[in-house]
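One file, structure-v1.txt, is given below (compact mmCIF, C-alpha atoms).
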```
# COMPACT_ATOMS: atom_id res chain seq x y z
CA MET A 1 16.94 16.54 -24.47
CA LEU A 2 13.70 15.23 -22.98
CA GLN A 3 12.27 18.65 -22.15
CA PRO A 4 10.38 19.04 -25.49
CA PHE A 5 8.76 15.65 -24.90
CA PHE A 6 7.58 16.69 -21.43
CA GLU A 7 6.33 20.05 -22.81
CA TRP A 8 4.40 18.15 -25.51
CA MET A 9 2.87 15.86 -22.84
CA GLN A 10 1.87 18.81 -20.70
CA GLY A 11 0.15 20.43 -23.68
CA LEU A 12 -2.04 17.44 -24.58
CA ALA A 13 -5.83 17.77 -24.27
CA PHE A 14 -5.68 14.54 -22.25
CA SER A 15 -3.40 16.26 -19.70
CA ALA A 16 -5.61 19.35 -19.57
CA PHE A 17 -8.64 17.14 -18.91
CA PHE A 18 -6.99 15.61 -15.83
CA LEU A 19 -5.64 18.94 -14.64
CA GLU A 20 -8.93 20.81 -14.99
CA SER A 21 -11.43 18.12 -13.94
CA ILE A 22 -12.25 17.54 -10.30
CA TRP A 23 -12.68 13.79 -9.85
CA PRO A 24 -10.51 11.98 -12.47
CA THR A 25 -7.18 12.70 -10.73
CA PRO A 26 -8.15 11.50 -7.22
CA ILE A 27 -9.88 8.43 -8.72
CA VAL A 28 -6.75 7.54 -10.71
CA GLN A 29 -4.55 8.17 -7.63
CA CYS A 30 -6.71 5.83 -5.50
CA ILE A 31 -6.57 3.03 -8.11
CA HIS A 32 -2.79 3.60 -8.36
CA LEU A 33 -2.41 3.16 -4.57
CA ILE A 34 -4.49 -0.04 -4.53
CA ALA A 35 -2.27 -1.38 -7.35
CA VAL A 36 0.81 -0.38 -5.28
CA SER A 37 -0.47 -2.57 -2.44
CA VAL A 38 -1.19 -5.57 -4.69
CA PHE A 39 2.24 -5.16 -6.33
CA ALA A 40 3.93 -4.86 -2.90
CA GLY A 41 2.25 -8.04 -1.65
CA ALA A 42 3.19 -10.02 -4.77
CA LEU A 43 6.78 -8.78 -4.46
CA LEU A 44 7.10 -9.37 -0.73
CA ILE A 45 5.88 -12.97 -0.56
CA VAL A 46 8.61 -13.93 -3.05
CA ASP A 47 11.29 -11.65 -1.57
CA LEU A 48 10.64 -12.98 1.95
CA ARG A 49 10.86 -16.53 0.58
CA LEU A 50 14.22 -15.63 -1.05
CA LEU A 51 15.40 -14.36 2.33
CA GLY A 52 14.60 -17.75 3.86
CA THR A 53 11.49 -16.63 5.74
CA GLY A 54 7.77 -16.16 4.99
CA LEU A 55 5.94 -19.00 3.20
CA LYS A 56 8.54 -21.71 3.83
CA THR A 57 5.87 -24.45 3.59
CA ALA A 58 5.83 -23.96 -0.18
CA SER A 59 8.78 -24.24 -2.55
CA LEU A 60 10.32 -21.07 -4.00
CA PRO A 61 9.08 -21.73 -7.58
CA GLU A 62 5.54 -22.42 -6.24
CA VAL A 63 5.43 -19.10 -4.38
CA ALA A 64 6.87 -17.26 -7.39
CA ARG A 65 4.32 -18.84 -9.75
CA ALA A 66 1.46 -17.88 -7.39
CA ALA A 67 2.64 -14.26 -7.21
CA GLN A 68 3.54 -13.74 -10.89
CA PRO A 69 0.07 -12.95 -12.34
CA TRP A 70 -0.64 -10.44 -9.54
CA LEU A 71 2.77 -8.87 -10.06
CA VAL A 72 2.30 -8.46 -13.82
CA TRP A 73 -1.32 -7.27 -13.74
CA SER A 74 -0.78 -4.81 -10.89
CA PHE A 75 2.27 -3.39 -12.67
CA GLY A 76 0.10 -2.92 -15.77
CA VAL A 77 -2.45 -0.99 -13.67
CA LEU A 78 0.38 1.07 -12.15
CA VAL A 79 1.59 2.09 -15.62
CA LEU A 80 -1.92 2.85 -16.89
CA THR A 81 -2.80 4.98 -13.86
CA GLY A 82 0.67 6.52 -13.71
CA ILE A 83 0.49 7.93 -17.26
CA PRO A 84 -2.28 10.51 -16.63
CA GLN A 85 -0.67 11.54 -13.33
CA MET A 86 2.66 12.09 -15.08
CA SER A 87 1.33 13.80 -18.21
CA SER A 88 -0.98 16.22 -16.36
CA THR A 89 1.95 17.49 -14.30
CA ALA A 90 4.69 16.74 -16.85
CA LEU A 91 6.80 19.86 -16.30
CA LYS A 92 6.61 19.54 -12.51
CA GLN A 93 7.85 15.97 -12.90
CA TYR A 94 10.59 16.99 -15.34
CA TYR A 95 12.06 19.51 -12.91
CA SER A 96 11.68 17.24 -9.86
CA PRO A 97 14.85 15.33 -8.86
CA PHE A 98 12.58 12.78 -7.13
CA PHE A 99 10.84 11.92 -10.42
CA TRP A 100 14.20 10.96 -11.96
CA TRP A 101 15.17 9.11 -8.77
CA LYS A 102 11.90 7.17 -9.03
CA MET A 103 12.32 6.38 -12.75
CA GLN A 104 15.89 5.13 -12.29
CA ALA A 105 14.76 2.95 -9.38
CA VAL A 106 11.81 1.65 -11.46
CA PHE A 107 14.20 0.71 -14.30
CA LEU A 108 16.57 -1.11 -11.93
CA GLY A 109 13.62 -2.67 -10.09
CA LEU A 110 12.20 -4.04 -13.34
CA VAL A 111 15.58 -5.53 -14.32
CA VAL A 112 16.02 -7.15 -10.90
CA THR A 113 12.40 -8.36 -10.57
CA PHE A 114 11.48 -9.50 -14.05
CA LEU A 115 14.89 -10.75 -15.23
CA ILE A 116 17.23 -11.71 -12.37
CA ARG A 117 14.75 -12.56 -9.62
CA ARG A 118 12.37 -14.36 -11.94
CA HIS A 119 15.22 -16.61 -13.09
CA ILE A 120 16.46 -17.32 -9.55
CA ALA A 121 12.94 -17.95 -8.19
CA SER A 122 12.20 -20.44 -10.97
CA LYS A 123 14.87 -22.83 -9.60
CA GLU A 124 14.60 -24.89 -6.45
CA GLU A 125 16.10 -23.48 -3.26
CA GLY A 126 19.83 -24.11 -3.01
CA HIS A 127 20.36 -24.06 -6.79
CA TYR A 128 22.19 -20.72 -6.55
CA GLY A 129 23.65 -21.31 -3.08
CA PRO A 130 22.66 -19.58 0.15
CA VAL A 131 23.84 -16.02 -0.64
CA TRP A 132 22.60 -14.91 -4.09
CA PRO A 133 18.87 -15.41 -3.46
CA LYS A 134 19.17 -13.27 -0.31
CA VAL A 135 21.10 -10.56 -2.18
CA VAL A 136 18.39 -10.45 -4.86
CA GLY A 137 15.60 -10.41 -2.23
CA VAL A 138 17.21 -7.47 -0.40
CA ALA A 139 17.89 -5.63 -3.68
CA SER A 140 14.26 -6.07 -4.76
CA ILE A 141 12.86 -4.76 -1.46
CA ALA A 142 15.34 -1.86 -1.40
CA LEU A 143 14.69 -0.79 -5.00
CA TRP A 144 10.89 -0.86 -4.79
CA THR A 145 10.95 0.89 -1.40
CA SER A 146 13.11 3.53 -3.06
CA VAL A 147 10.51 3.85 -5.85
CA THR A 148 7.77 4.46 -3.27
CA ILE A 149 9.84 7.03 -1.37
CA GLY A 150 10.73 8.86 -4.59
CA ALA A 151 7.08 8.87 -5.69
CA ARG A 152 5.84 10.25 -2.39
CA LEU A 153 8.53 12.96 -2.37
CA ILE A 154 7.51 14.20 -5.83
CA GLY A 155 4.21 15.26 -4.31
CA LEU A 156 5.63 16.53 -1.02
CA LEU A 157 8.83 18.31 -2.00
CA SER A 158 8.56 19.27 -5.69
CA MET B 1 -16.32 16.30 23.52
CA ILE B 2 -14.28 14.93 20.61
CA ARG B 3 -13.61 18.46 19.37
CA ALA B 4 -12.39 19.47 22.84
CA LEU B 5 -10.04 16.47 22.88
CA PHE B 6 -8.64 17.36 19.45
CA GLU B 7 -8.19 21.02 20.46
CA TRP B 8 -6.43 19.95 23.65
CA VAL B 9 -3.96 17.82 21.67
CA ASP B 10 -3.59 20.62 19.12
CA ALA B 11 -2.34 22.98 21.83
CA MET B 12 0.27 20.55 23.23
CA PRO B 13 3.83 21.90 22.82
CA ASN B 14 5.07 18.79 20.98
CA SER B 15 2.08 18.85 18.63
CA VAL B 16 2.85 22.48 17.79
CA ALA B 17 6.56 21.70 17.37
CA TRP B 18 5.91 18.78 14.99
CA ARG B 19 3.33 20.81 13.05
CA GLU B 20 5.81 23.63 12.58
CA SER B 21 8.71 21.33 11.71
CA LEU B 22 9.77 21.50 8.06
CA ASN B 23 10.44 17.79 7.72
CA ALA B 24 8.35 15.91 10.31
CA TYR B 25 5.25 15.57 8.11
CA VAL B 26 7.36 14.60 5.06
CA TYR B 27 9.12 11.80 6.97
CA LEU B 28 5.93 10.59 8.67
CA LEU B 29 3.80 10.47 5.52
CA THR B 30 6.57 8.78 3.50
CA ILE B 31 7.07 6.06 6.15
CA HIS B 32 3.26 5.73 6.45
CA VAL B 33 2.93 5.08 2.69
CA VAL B 34 5.85 2.60 2.55
CA SER B 35 4.48 0.65 5.54
CA MET B 36 1.01 0.75 3.93
CA GLY B 37 2.49 -1.30 1.06
CA LEU B 38 3.78 -3.85 3.59
CA VAL B 39 0.53 -4.06 5.59
CA ALA B 40 -1.94 -4.06 2.70
CA GLY B 41 0.28 -6.26 0.53
CA ILE B 42 0.76 -8.93 3.19
CA ILE B 43 -2.81 -8.88 4.48
CA SER B 44 -4.16 -9.21 0.94
CA TYR B 45 -2.49 -12.64 0.66
CA TRP B 46 -4.00 -13.74 3.97
CA ASP B 47 -7.42 -12.52 2.85
CA MET B 48 -7.03 -14.11 -0.59
CA ARG B 49 -6.20 -17.46 1.05
CA LEU B 50 -9.38 -17.19 3.15
CA ALA B 51 -11.42 -16.11 0.12
CA GLY B 52 -10.05 -19.02 -1.95
CA ILE B 53 -8.32 -16.78 -4.50
CA ALA B 54 -4.60 -17.47 -3.88
CA LEU B 55 -2.19 -19.83 -2.06
CA LYS B 56 -4.98 -22.43 -1.94
CA TRP B 57 -2.61 -25.37 -1.52
CA ILE B 58 -1.00 -23.99 1.67
CA PRO B 59 -2.78 -24.76 4.99
CA VAL B 60 -4.43 -21.65 6.46
CA SER B 61 -2.49 -21.83 9.75
CA LYS B 62 0.81 -22.00 7.82
CA VAL B 63 -0.06 -18.89 5.83
CA LYS B 64 -0.87 -17.13 9.09
CA SER B 65 2.32 -18.13 10.91
CA ALA B 66 4.43 -17.22 7.85
CA LEU B 67 2.94 -13.79 7.18
CA PHE B 68 1.61 -12.42 10.47
CA PRO B 69 4.95 -11.53 12.12
CA TRP B 70 5.61 -9.23 9.11
CA LEU B 71 2.07 -7.96 9.26
CA TYR B 72 2.37 -7.06 12.96
CA GLY B 73 5.64 -5.23 12.31
CA GLY B 74 4.06 -3.31 9.44
CA VAL B 75 0.95 -2.43 11.49
CA LEU B 76 3.15 -1.13 14.31
CA VAL B 77 5.01 1.26 11.98
CA ASN B 78 1.91 2.19 9.97
CA ALA B 79 -0.33 2.87 12.98
CA GLY B 80 2.54 4.62 14.78
CA THR B 81 3.19 7.06 11.94
CA GLY B 82 -0.57 7.53 11.45
CA LEU B 83 -1.03 8.44 15.12
CA MET B 84 1.96 10.78 14.99
CA MET B 85 0.48 12.60 11.97
CA LEU B 86 -2.83 12.88 13.80
CA TYR B 87 -1.05 14.11 16.93
CA SER B 88 0.80 16.78 14.96
CA GLN B 89 -2.24 18.11 13.07
CA PRO B 90 -5.42 17.14 14.95
CA MET B 91 -7.43 20.17 13.85
CA ARG B 92 -6.59 19.42 10.21
CA TYR B 93 -8.09 15.94 10.54
CA TYR B 94 -11.03 16.73 12.86
CA PRO B 95 -13.25 18.36 10.19
CA ASN B 96 -12.08 15.94 7.44
CA PHE B 97 -14.87 13.70 6.09
CA TRP B 98 -12.43 11.15 4.60
CA PHE B 99 -10.47 10.84 7.86
CA TRP B 100 -13.61 9.78 9.77
CA PHE B 101 -14.72 7.54 6.90
CA LYS B 102 -11.31 5.82 7.12
CA MET B 103 -11.54 5.47 10.91
CA GLY B 104 -15.01 3.90 10.52
CA MET B 105 -13.62 1.35 8.06
CA LEU B 106 -10.75 0.52 10.42
CA VAL B 107 -13.28 -0.12 13.22
CA ILE B 108 -15.23 -2.49 10.94
CA LEU B 109 -11.97 -4.24 9.96
CA ALA B 110 -11.05 -4.67 13.63
CA GLY B 111 -14.52 -6.14 14.30
CA ASN B 112 -14.19 -8.49 11.34
CA ALA B 113 -10.75 -9.66 12.51
CA ALA B 114 -12.01 -10.13 16.09
CA TYR B 115 -15.06 -12.12 14.92
CA PHE B 116 -12.85 -14.29 12.71
CA HIS B 117 -10.40 -14.94 15.55
CA LEU B 118 -13.00 -15.57 18.26
CA SER B 119 -15.48 -17.57 16.18
CA ILE B 120 -14.57 -18.80 12.68
CA GLU B 121 -10.92 -19.61 13.47
CA LYS B 122 -11.90 -21.91 16.36
CA THR B 123 -12.63 -24.67 13.82
CA VAL B 124 -9.67 -23.95 11.53
CA GLU B 125 -8.19 -27.44 12.04
CA ASP B 126 -11.26 -28.93 10.34
CA TRP B 127 -10.91 -26.94 7.12
CA GLU B 128 -7.43 -25.44 6.91
CA HIS B 129 -6.31 -27.93 4.25
CA ASP B 130 -9.36 -27.30 2.05
CA PRO B 131 -8.46 -25.19 -1.02
CA VAL B 132 -11.74 -23.34 -0.56
CA ALA B 133 -12.55 -22.35 3.04
CA PRO B 134 -16.12 -22.44 4.49
CA LEU B 135 -18.48 -19.64 3.49
CA LYS B 136 -18.03 -17.64 6.72
CA ALA B 137 -14.23 -17.62 6.34
CA ARG B 138 -14.50 -16.67 2.66
CA LEU B 139 -16.87 -13.83 3.53
CA ALA B 140 -14.45 -12.59 6.20
CA GLY B 141 -11.68 -12.63 3.56
CA TYR B 142 -13.72 -10.76 0.94
CA LEU B 143 -14.93 -8.23 3.52
CA SER B 144 -11.37 -7.57 4.65
CA LEU B 145 -10.13 -7.17 1.06
CA ALA B 146 -12.92 -4.69 0.26
CA PHE B 147 -12.47 -2.64 3.42
CA TRP B 148 -8.67 -2.51 3.18
CA ALA B 149 -9.12 -1.15 -0.35
CA GLY B 150 -11.54 1.34 1.20
CA VAL B 151 -8.98 2.35 3.82
CA ILE B 152 -6.43 3.03 1.07
CA VAL B 153 -8.95 5.06 -0.95
CA THR B 154 -10.19 7.14 2.00
CA GLY B 155 -6.61 7.60 3.22
CA ARG B 156 -5.62 9.07 -0.14
CA MET B 157 -8.79 11.15 -0.28
CA THR B 158 -7.90 12.78 3.07
CA ALA B 159 -5.82 15.20 0.99
CA TYR B 160 -9.00 16.24 -0.86
CA SER B 161 -10.83 17.69 2.12
CA GLY B 162 -13.05 19.83 -0.15
CA LEU B 163 -14.38 16.89 -2.20
CA VAL B 164 -17.01 15.82 0.30
CA PRO B 165 -20.83 15.63 0.46
CA GLN B 166 -22.66 18.91 1.08
CA TRP B 167 -24.33 17.55 4.24
CA TRP B 168 -20.88 17.10 5.79
CA LEU B 169 -19.94 20.72 5.04
CA ASP B 170 -23.30 21.79 6.51
CA LEU B 171 -22.21 20.31 9.85
CA GLY B 172 -19.76 23.23 10.09
CA LEU B 173 -16.96 21.31 11.78
CA GLY B 174 -14.15 23.26 10.11
```
For this file, produce the structure as structure tokens.
Amino acid sequence: MLQPFFEWMQGLAFSAFFLESIWPTPIVQCIHLIAVSVFAGALLIVDLRLLGTGLKTASLPEVARAAQPWLVWSFGVLVLTGIPQMSSTALKQYYSPFFWWKMQAVFLGLVVTFLIRRHIASKEEGHYGPVWPKVVGVASIALWTSVTIGARLIGLLS
Amino acid sequence: MIRALFEWVDAMPNSVAWRESLNAYVYLLTIHVVSMGLVAGIISYWDMRLAGIALKWIPVSKVKSALFPWLYGGVLVNAGTGLMMLYSQPMRYYPNFWFWFKMGMLVILAGNAAYFHLSIEKTVEDWEHDPVAPLKARLAGYLSLAFWAGVIVTGRMTAYSGLVPQWWLDLGLG
């Protein structure tokens, strides 16, 4: 069902520009990786706090508030730099099982991070008991690690 | 001398075995990238505290004690997988401009960290509660942020061994 959409993306002049030019793709990949690191840091300081470790000097909502702008802005950069990488190799992505693995993990990661975790981290520690914050912290780390693994395997095994 | 060392490692039986393995490089690079997220992500918050960009209300020593155990764990995995990739393909990395650029940045980062630890950090009790650290500490933070970004960029560019200055190609290392 989605194949025509991926064929259309692959045929765009925008995609051809990235595929045929020398520097734009590595530049976009480098910015993407820097954004991955910023995103990972903003995720981890909150996830570690949910797990009862890390920045225990500060309250959970304080840590979450400090991380939120970095999380949102770095995710925006990830999307912006991810689009040309996806469109210029759209058919490779379409036929790669790791691309679909990554996209499913991204979807679940977004639900966990920006809906469930955001809600839990906005309340003081203990509000949801000792177990649920840890479950959400582990789920967040596992899902975004899975996104990274999937992304790397697109390039290595597809 | 360096070339001889790399060629010696290249001929080691385990280096050959890992190089010829179907999956070794895939596993190593994937773990290297995941642990890069941990190392760069965690260290960026330490650097941003020093630079006065984030976590300004938390004392500097508390940020360090909270984040550094995770940082050390990440560095262990990241450096370990990096060394294993180098061990398995030394003659791929030897002529690579970006590999040496990255190593140079890591040396500068190690020097910056050592200078901070041996000099600037000695007075941390005097300023650790200040939202904005003294100029030297802020500079160390900004320098570290810039060079870690550089390490990520040059690490990614290692795959583009042909996109290098002409003078490097003229050295004829390949």
| message | Near chain B, meaning an atom within 6 Å, which residues of chain A appear when counting all atoms listed in the file? Write them as a PyMOL selection string. | response | chain A and resi 30+37-38+40-41+54-55
Write out as a ChimeraX atom specification which residues come within 12 Å of Ser74 of chain A when counting all atoms listed in the file, dropping same-chain ones fewer than 6 positions away. /A:31-43,67-68,80-82 /B:41
* Name all residues at most 8 Å from segment 137-151 of chain A (count all atoms listed in the file; drop same-chain ones fewer than 3 positions away) and give them as a list of chain:residue names. => A:Leu43, A:Leu44, A:Val46, A:Asp47, A:Leu48, A:Leu50, A:Leu51, A:Phe98, A:Phe99, A:Trp101, A:Lys102, A:Met103, A:Ala105, A:Val106, A:Leu108, A:Gly109, A:Val112, A:Thr113, A:Arg117, A:Pro133, A:Lys134, A:Ile154, A:Gly155, B:Thr30, B:Val33, B:Val34
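Of the listed residues B:Arg19, B:Asn112, B:Trp167, B:Met1, the one whose atoms come nearest to Met85 of chain B is B:Arg19, with distances taken using all atoms listed in the file.
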Review point. What lies within 9 Å of Tyr95 of chain A using only C-alpha atoms, ignoring chain neighbours under 5 positions off, as a PyMOL selection string?
Key: chain A and resi 90+100+158
List as a JSON list (two decimals) with C-alpha atoms, in the frame of the given file the residues having at least one atom at most 9 Å from position (-15.9, 22.1, 12.6) as given in the file, counting all atoms listed in the file.
```
[["chain", "number", "residue", "atom", "x", "y", "z"],
["B", 3, "ARG", "CA", -13.61, 18.46, 19.37],
["B", 91, "MET", "CA", -7.43, 20.17, 13.85],
["B", 94, "TYR", "CA", -11.03, 16.73, 12.86],
["B", 95, "PRO", "CA", -13.25, 18.36, 10.19],
["B", 96, "ASN", "CA", -12.08, 15.94, 7.44],
["B", 169, "LEU", "CA", -19.94, 20.72, 5.04],
["B", 171, "LEU", "CA", -22.21, 20.31, 9.85],
["B", 172, "GLY", "CA", -19.76, 23.23, 10.09],
["B", 173, "LEU", "CA", -16.96, 21.31, 11.78],
["B", 174, "GLY", "CA", -14.15, 23.26, 10.11]]
```
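Across the structure, atom CA of Phe14 of chain A and atom CA of Gln29 of chain A are spaced 16.0 Å apart.
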Problem - Spatial neighbours of Phe6 of chain A, max dist 9 Å, only C-alpha atoms, sep filter under 3 positions, as a PyMOL selection string - result: chain A and resi 2-3+9-11+87+90-91+93-94
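For the residues B:Glu121, B:Gly111, B:Trp8, B:Phe97, ranking by smallest atom-to-atom distance to Thr158 of chain B using only C-alpha atoms places B:Phe97 first.
Proximity of A:Ile83, A:Ala13, A:Met1, A:Leu60 to Ile45 of chain A, computed with all atoms listed in the file, is greatest for A:Leu60.
For the choices B:Trp98, B:Tyr87, B:Arg138, B:Phe147, the atom-to-atom distance to Val16 of chain B is smallest for B:Tyr87 when using only C-alpha atoms.
Atom CA of Leu109 of chain B lies 14.0 Å from atom CA of Ala79 of chain B.
Interatomic distance, atom CA of Lys102 of chain B against atom CA of Val9 of chain B: 20.2 Å.
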When you look at Ser88 of chain B with a cut-off of 8 Å (counting all atoms listed in the file), what residues show up, excluding the ones that are within fewer than 4 positions of it in the same chain? I need them as a short mmCIF file (atom, residue, chain, number, x, y, z; two decimals) with C-alpha atoms, keeping the file's coordinate frame.
```cif
data_model
loop_
_atom_site.label_atom_id
_atom_site.label_comp_id
_atom_site.auth_asym_id
_atom_site.auth_seq_id
_atom_site.Cartn_x
_atom_site.Cartn_y
_atom_site.Cartn_z
CA ASP B 10 -3.59 20.62 19.12
CA ASN B 14 5.07 18.79 20.98
CA SER B 15 2.08 18.85 18.63
CA VAL B 16 2.85 22.48 17.79
CA ALA B 17 6.56 21.70 17.37
CA TRP B 18 5.91 18.78 14.99
CA ARG B 19 3.33 20.81 13.05
CA MET B 84 1.96 10.78 14.99
#
```
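With all atoms listed in the file as the basis for measurement, B:Leu22 is the residue among B:Met103, B:Val75, B:Leu139, B:Leu22 that approaches Leu157 of chain A most closely.
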